[in-house]
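What follows is a set of notes on a single structure, which appears directly below.
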Amino acid sequence: MAGARIVDFVSILLLVGSALAFFAGVGALAERNDLAALYWLVVGGLTLRAATEVLRPRAGSR
Amino acid sequence: MRASAGFRILVPLLPGLYAWLSTVMFPALRSGWPARVTALAALLLLVAGTVMGTRVERVGRILGVWGFLTACIATWLLAADQLAVERLDIVRAASGAIGWALFAFGWGNVRAPGAVPEEDPRAIAGAPLERRGEMPPGAAGVAAVGVLGALAVVLSAWRVRREDHALFAHAVAFVAAVALVSAAAHIAVERGKGVAAPSGRSLAAASLPLTLAIMLLVIGMMWLVLR
């Protein structure tokens with residue numbers, strides 16, 4: 001049960017991280033820093049993908 | 001329990017008035033009389049629609065939603081020179097976007113407190129639908145994190161002042177907001193499924209994007225240090 005809780009926590013942490021990365025990416029666009037914007041948007045996308053993938057239905061969980 | 005007529009008028013009227021004040025009135029006042037006439041018509045249609053909506057809902061919606069929107073769009077077309085990106089006030093534009101979202105909610109219908117949908121005379125008779133499971137504890141909190149993050153991203157796009165980049169920023173912010181809300185909903189529902197530990201398969205699926213993200217973060221930190 002502790003392992004599942006840790007994964008849940010990691011997933012939420014990654015969700016928050018991806019929101020912050022998207023926010024930084026759009027903010028970098030506002031500051032005319034296009035390379036940084038691209039960087040943060042890619043980081044946000046990857047982090048969000050990891051946040052959902054880590055909670056995919058697991059073998060024997062249903 | 002039925003809401004009073006005054007309350008039912010105010011719920012769609014106030015957000016509509018807010019949207020009108022923030023996005024229609026100012027460009028109309030700076031334009032010629034045709035835009036002012038359509039802006040005034042929009043306001044009158046909104047008031048007439050909300051008042052009429054308490055008596056004949058269909059007529060109220062035609063006036064208050066379709067009539068109001070048509071008059072607003074006509075105003076924007078007539079005051080197009082006032083709506084160029086470089087002339088937009090960021091705060092007013094952002095508050096206008098929120099106002100239009102509230103306008104949509106204001107005209108929506110929600111179930112009255114205590115009402116049972118199956119008791120509606122138009123409900124199709126049949127066996128009651130049983131819920132298939134319970135939401136995990138804290139699901140609303142996780143969903144709220146996603147919604148707040150999405151809102152922050154969408155609002156931050158209004159800070160971009162370069163024309164082409166502003167359009168791109170809004171498109172990216174919209175996609176990111178949808179992805180954040182979808183992911184938050186997924187996490188909120190899938191959390192706490194009661195397994196001891198994730199299988200190697202799920203961790204392997206997550207490890208690729210996570211590894212790439214960590215690699216990018218490390219490269220970014222190194223670039224910051226070496227710069």
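Residue numbers start at 1 in each chain; chains themselves are named A, B, ... in the order of the structure tokens; ligands are numbered from 1 in the order shown.
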Using only C-alpha atoms, what does the table of stretch 47-127 of chain B residues within 12 Å of stretch 164-172 of chain B look like, with each row giving the shortest atom pair and its distance in Å to one decimal, sorted by chain and ascending number, as CSV?
```
residue,atom,partner,partner_atom,distance
B:Val85,CA,B:Ala166,CA,8.6
B:Glu86,CA,B:Ala166,CA,10.4
B:Leu88,CA,B:Ala166,CA,11.7
B:Ile90,CA,B:Ala166,CA,11.4
B:Ala94,CA,B:His170,CA,11.6
B:Ala97,CA,B:His170,CA,12.0
```
Next, the residues of the selection above should be written as a PDB file, in the first residue's frame with N, CA, C and O atoms.
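The new file result22.pdb reads:
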```
ATOM      1  N   VAL B  85      -4.282  43.873 -31.810  1.00  0.00           N
ATOM      2  CA  VAL B  85      -3.559  43.294 -30.659  1.00  0.00           C
ATOM      3  C   VAL B  85      -2.711  44.343 -29.944  1.00  0.00           C
ATOM      4  O   VAL B  85      -2.689  44.406 -28.710  1.00  0.00           O
ATOM      5  N   GLU B  86      -2.067  45.206 -30.721  1.00  0.00           N
ATOM      6  CA  GLU B  86      -1.167  46.183 -30.073  1.00  0.00           C
ATOM      7  C   GLU B  86      -1.931  47.241 -29.271  1.00  0.00           C
ATOM      8  O   GLU B  86      -1.348  47.942 -28.464  1.00  0.00           O
ATOM      9  N   LEU B  88      -4.708  46.399 -27.473  1.00  0.00           N
ATOM     10  CA  LEU B  88      -5.472  45.723 -26.414  1.00  0.00           C
ATOM     11  C   LEU B  88      -4.879  46.003 -25.044  1.00  0.00           C
ATOM     12  O   LEU B  88      -3.665  46.024 -24.877  1.00  0.00           O
ATOM     13  N   ILE B  90      -4.187  44.500 -21.584  1.00  0.00           N
ATOM     14  CA  ILE B  90      -4.045  43.092 -21.182  1.00  0.00           C
ATOM     15  C   ILE B  90      -5.037  42.731 -20.081  1.00  0.00           C
ATOM     16  O   ILE B  90      -5.723  41.710 -20.144  1.00  0.00           O
ATOM     17  N   ALA B  94      -8.077  40.081 -20.442  1.00  0.00           N
ATOM     18  CA  ALA B  94      -8.135  38.875 -19.601  1.00  0.00           C
ATOM     19  C   ALA B  94      -9.434  38.837 -18.807  1.00  0.00           C
ATOM     20  O   ALA B  94     -10.098  37.796 -18.721  1.00  0.00           O
ATOM     21  N   ALA B  97     -12.243  37.824 -21.075  1.00  0.00           N
ATOM     22  CA  ALA B  97     -12.292  36.381 -21.339  1.00  0.00           C
ATOM     23  C   ALA B  97     -12.988  35.659 -20.193  1.00  0.00           C
ATOM     24  O   ALA B  97     -13.820  34.768 -20.406  1.00  0.00           O
TER      25      ALA B  97
END
```
Which stretch 11-53 of chain A residues have any atom within 6 Å of an atom of stretch 140-160 of chain B, and for each, what is the nearest pair of atoms with distance in Å to one decimal, counting only C-alpha atoms, rows sorted by chain and number, as JSON lines?
```
{"residue": "A:Ala19", "atom": "CA", "partner": "B:Gly149", "partner_atom": "CA", "distance": 5.2}
{"residue": "A:Phe23", "atom": "CA", "partner": "B:Val153", "partner_atom": "CA", "distance": 5.0}
{"residue": "A:Val26", "atom": "CA", "partner": "B:Ala157", "partner_atom": "CA", "distance": 5.9}
{"residue": "A:Ala30", "atom": "CA", "partner": "B:Val160", "partner_atom": "CA", "distance": 4.0}
```
### 12 Å contact set for stretch 34-39 of chain A, only C-alpha atoms, chain neighbours under 5 positions out, as a ChimeraX atom specification
/A:21-29,44-46 /B:157,160,162,165-166,168-169,172-173,212-213,215-221,223-224
How would the residues just picked look written out with C-alpha atoms as a compact mmCIF listing (two decimals), in the first residue's frame?
```txt
# COMPACT_ATOMS: atom_id res chain seq x y z
CA ALA A 21 6.81 24.13 -16.64
CA PHE A 22 3.93 25.18 -18.93
CA PHE A 23 3.59 28.40 -16.94
CA ALA A 24 7.33 29.05 -17.31
CA GLY A 25 7.14 28.26 -21.04
CA VAL A 26 4.35 30.73 -21.75
CA GLY A 27 6.06 33.26 -19.46
CA ALA A 28 9.28 32.89 -21.46
CA LEU A 29 7.31 33.68 -24.63
CA GLY A 44 6.06 20.29 -19.33
CA GLY A 45 4.76 17.89 -21.97
CA LEU A 46 7.16 15.12 -20.96
CA ALA B 157 -0.70 33.82 -22.25
CA VAL B 160 2.61 37.93 -24.59
CA ARG B 162 4.11 40.18 -29.89
CA HIS B 165 3.71 34.98 -30.66
CA ALA B 166 0.56 36.01 -28.77
CA PHE B 168 0.87 30.95 -30.64
CA ALA B 169 0.96 31.48 -26.85
CA VAL B 172 -0.21 26.51 -26.69
CA ALA B 173 -1.81 27.63 -23.42
CA LEU B 212 13.84 12.67 -21.03
CA ALA B 213 12.40 15.40 -18.80
CA MET B 215 17.79 14.91 -18.92
CA LEU B 216 16.42 18.18 -20.26
CA LEU B 217 16.38 19.69 -16.76
CA VAL B 218 19.99 18.64 -16.17
CA ILE B 219 21.05 20.05 -19.55
CA GLY B 220 19.22 23.28 -18.72
CA MET B 221 20.95 23.57 -15.35
CA TRP B 223 23.67 25.51 -19.57
CA LEU B 224 22.76 28.01 -16.84
```
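One distance worth recording is that between atom CA of B:Ala5 and atom CA of B:Arg122, which is 23.9 Å.
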### Message
Quick check, in Å to one decimal: how far apart do atom CA of A:Gly17 and atom CA of A:Glu31 lie?
### Response
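Distance between the two atoms: 20.6 Å.
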### Separation of atom CA of A:Leu13 from atom CA of A:Asn33, in Å and rounded to one decimal
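Between atom CA of A:Leu13 and atom CA of A:Asn33 the gap works out to 26.3 Å.
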Residues within 10 Å of B:Arg30, only C-alpha atoms, excluding chain neighbours under 3 positions, as a PDB file with all heavy atoms, in the first residue's frame:
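Written file, selection.pdb:
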```pdb
ATOM      1  N   MET B  25     -18.168  47.711 -24.520  1.00  0.00           N
ATOM      2  CA  MET B  25     -18.414  49.136 -24.302  1.00  0.00           C
ATOM      3  C   MET B  25     -17.210  50.010 -24.687  1.00  0.00           C
ATOM      4  O   MET B  25     -17.367  51.006 -25.405  1.00  0.00           O
ATOM      5  CB  MET B  25     -18.772  49.378 -22.835  1.00  0.00           C
ATOM      6  CG  MET B  25     -19.230  50.804 -22.570  1.00  0.00           C
ATOM      7  SD  MET B  25     -19.527  51.125 -20.843  1.00  0.00           S
ATOM      8  CE  MET B  25     -17.883  51.455 -20.249  1.00  0.00           C
ATOM      9  N   PHE B  26     -16.010  49.604 -24.248  1.00  0.00           N
ATOM     10  CA  PHE B  26     -14.845  50.462 -24.480  1.00  0.00           C
ATOM     11  C   PHE B  26     -14.501  50.617 -25.964  1.00  0.00           C
ATOM     12  O   PHE B  26     -14.339  51.751 -26.437  1.00  0.00           O
ATOM     13  CB  PHE B  26     -13.640  49.946 -23.681  1.00  0.00           C
ATOM     14  CG  PHE B  26     -13.739  50.254 -22.223  1.00  0.00           C
ATOM     15  CD1 PHE B  26     -14.047  49.268 -21.308  1.00  0.00           C
ATOM     16  CD2 PHE B  26     -13.555  51.548 -21.764  1.00  0.00           C
ATOM     17  CE1 PHE B  26     -14.159  49.551 -19.967  1.00  0.00           C
ATOM     18  CE2 PHE B  26     -13.662  51.856 -20.421  1.00  0.00           C
ATOM     19  CZ  PHE B  26     -13.965  50.855 -19.515  1.00  0.00           C
ATOM     20  N   PRO B  27     -14.417  49.523 -26.749  1.00  0.00           N
ATOM     21  CA  PRO B  27     -14.152  49.733 -28.185  1.00  0.00           C
ATOM     22  C   PRO B  27     -15.270  50.499 -28.880  1.00  0.00           C
ATOM     23  O   PRO B  27     -15.010  51.276 -29.797  1.00  0.00           O
ATOM     24  CB  PRO B  27     -14.019  48.305 -28.745  1.00  0.00           C
ATOM     25  CG  PRO B  27     -14.509  47.395 -27.710  1.00  0.00           C
ATOM     26  CD  PRO B  27     -14.384  48.102 -26.408  1.00  0.00           C
ATOM     27  N   TRP B  33     -20.673  56.064 -34.501  1.00  0.00           N
ATOM     28  CA  TRP B  33     -22.013  55.804 -33.970  1.00  0.00           C
ATOM     29  C   TRP B  33     -22.558  54.412 -34.324  1.00  0.00           C
ATOM     30  O   TRP B  33     -23.331  53.853 -33.540  1.00  0.00           O
ATOM     31  CB  TRP B  33     -22.992  56.903 -34.385  1.00  0.00           C
ATOM     32  CG  TRP B  33     -23.213  57.021 -35.867  1.00  0.00           C
ATOM     33  CD1 TRP B  33     -22.543  57.830 -36.728  1.00  0.00           C
ATOM     34  CD2 TRP B  33     -24.158  56.295 -36.652  1.00  0.00           C
ATOM     35  NE1 TRP B  33     -22.994  57.657 -38.000  1.00  0.00           N
ATOM     36  CE2 TRP B  33     -24.002  56.725 -37.991  1.00  0.00           C
ATOM     37  CE3 TRP B  33     -25.132  55.329 -36.365  1.00  0.00           C
ATOM     38  CZ2 TRP B  33     -24.760  56.215 -39.030  1.00  0.00           C
ATOM     39  CZ3 TRP B  33     -25.893  54.829 -37.399  1.00  0.00           C
ATOM     40  CH2 TRP B  33     -25.714  55.268 -38.725  1.00  0.00           C
ATOM     41  N   ALA B  35     -21.099  51.509 -34.239  1.00  0.00           N
ATOM     42  CA  ALA B  35     -20.654  50.583 -33.189  1.00  0.00           C
ATOM     43  C   ALA B  35     -21.347  50.883 -31.866  1.00  0.00           C
ATOM     44  O   ALA B  35     -21.691  49.971 -31.099  1.00  0.00           O
ATOM     45  CB  ALA B  35     -19.140  50.663 -33.020  1.00  0.00           C
ATOM     46  N   ARG B  36     -21.589  52.178 -31.615  1.00  0.00           N
ATOM     47  CA  ARG B  36     -22.269  52.552 -30.362  1.00  0.00           C
ATOM     48  C   ARG B  36     -23.715  52.061 -30.364  1.00  0.00           C
ATOM     49  O   ARG B  36     -24.236  51.617 -29.341  1.00  0.00           O
ATOM     50  CB  ARG B  36     -22.230  54.062 -30.183  1.00  0.00           C
ATOM     51  CG  ARG B  36     -20.828  54.586 -29.999  1.00  0.00           C
ATOM     52  CD  ARG B  36     -20.811  56.066 -29.791  1.00  0.00           C
ATOM     53  NE  ARG B  36     -19.442  56.562 -29.802  1.00  0.00           N
ATOM     54  CZ  ARG B  36     -19.086  57.764 -29.410  1.00  0.00           C
ATOM     55  NH1 ARG B  36     -19.994  58.615 -28.994  1.00  0.00           N
ATOM     56  NH2 ARG B  36     -17.821  58.123 -29.456  1.00  0.00           N
ATOM     57  N   ALA B  79     -15.993  48.016 -34.808  1.00  0.00           N
ATOM     58  CA  ALA B  79     -14.906  48.668 -34.063  1.00  0.00           C
ATOM     59  C   ALA B  79     -13.615  47.868 -34.192  1.00  0.00           C
ATOM     60  O   ALA B  79     -12.821  47.828 -33.255  1.00  0.00           O
ATOM     61  CB  ALA B  79     -15.305  48.808 -32.598  1.00  0.00           C
ATOM     62  N   ASP B  81     -10.876  48.326 -35.704  1.00  0.00           N
ATOM     63  CA  ASP B  81      -9.601  49.045 -35.558  1.00  0.00           C
ATOM     64  C   ASP B  81      -9.228  49.256 -34.095  1.00  0.00           C
ATOM     65  O   ASP B  81      -8.061  49.461 -33.771  1.00  0.00           O
ATOM     66  CB  ASP B  81      -9.663  50.385 -36.292  1.00  0.00           C
ATOM     67  CG  ASP B  81     -10.823  51.238 -35.786  1.00  0.00           C
ATOM     68  OD1 ASP B  81     -11.858  50.655 -35.433  1.00  0.00           O
ATOM     69  OD2 ASP B  81     -10.676  52.482 -35.740  1.00  0.00           O
ATOM     70  N   GLN B  82     -10.206  49.203 -33.193  1.00  0.00           N
ATOM     71  CA  GLN B  82      -9.928  49.357 -31.758  1.00  0.00           C
ATOM     72  C   GLN B  82      -9.506  48.042 -31.100  1.00  0.00           C
ATOM     73  O   GLN B  82      -9.125  48.021 -29.944  1.00  0.00           O
ATOM     74  CB  GLN B  82     -11.177  49.872 -31.033  1.00  0.00           C
ATOM     75  CG  GLN B  82     -11.653  51.222 -31.501  1.00  0.00           C
ATOM     76  CD  GLN B  82     -10.641  52.318 -31.212  1.00  0.00           C
ATOM     77  OE1 GLN B  82      -9.971  52.275 -30.185  1.00  0.00           O
ATOM     78  NE2 GLN B  82     -10.525  53.281 -32.109  1.00  0.00           N
TER      79      GLN B  82
END
```
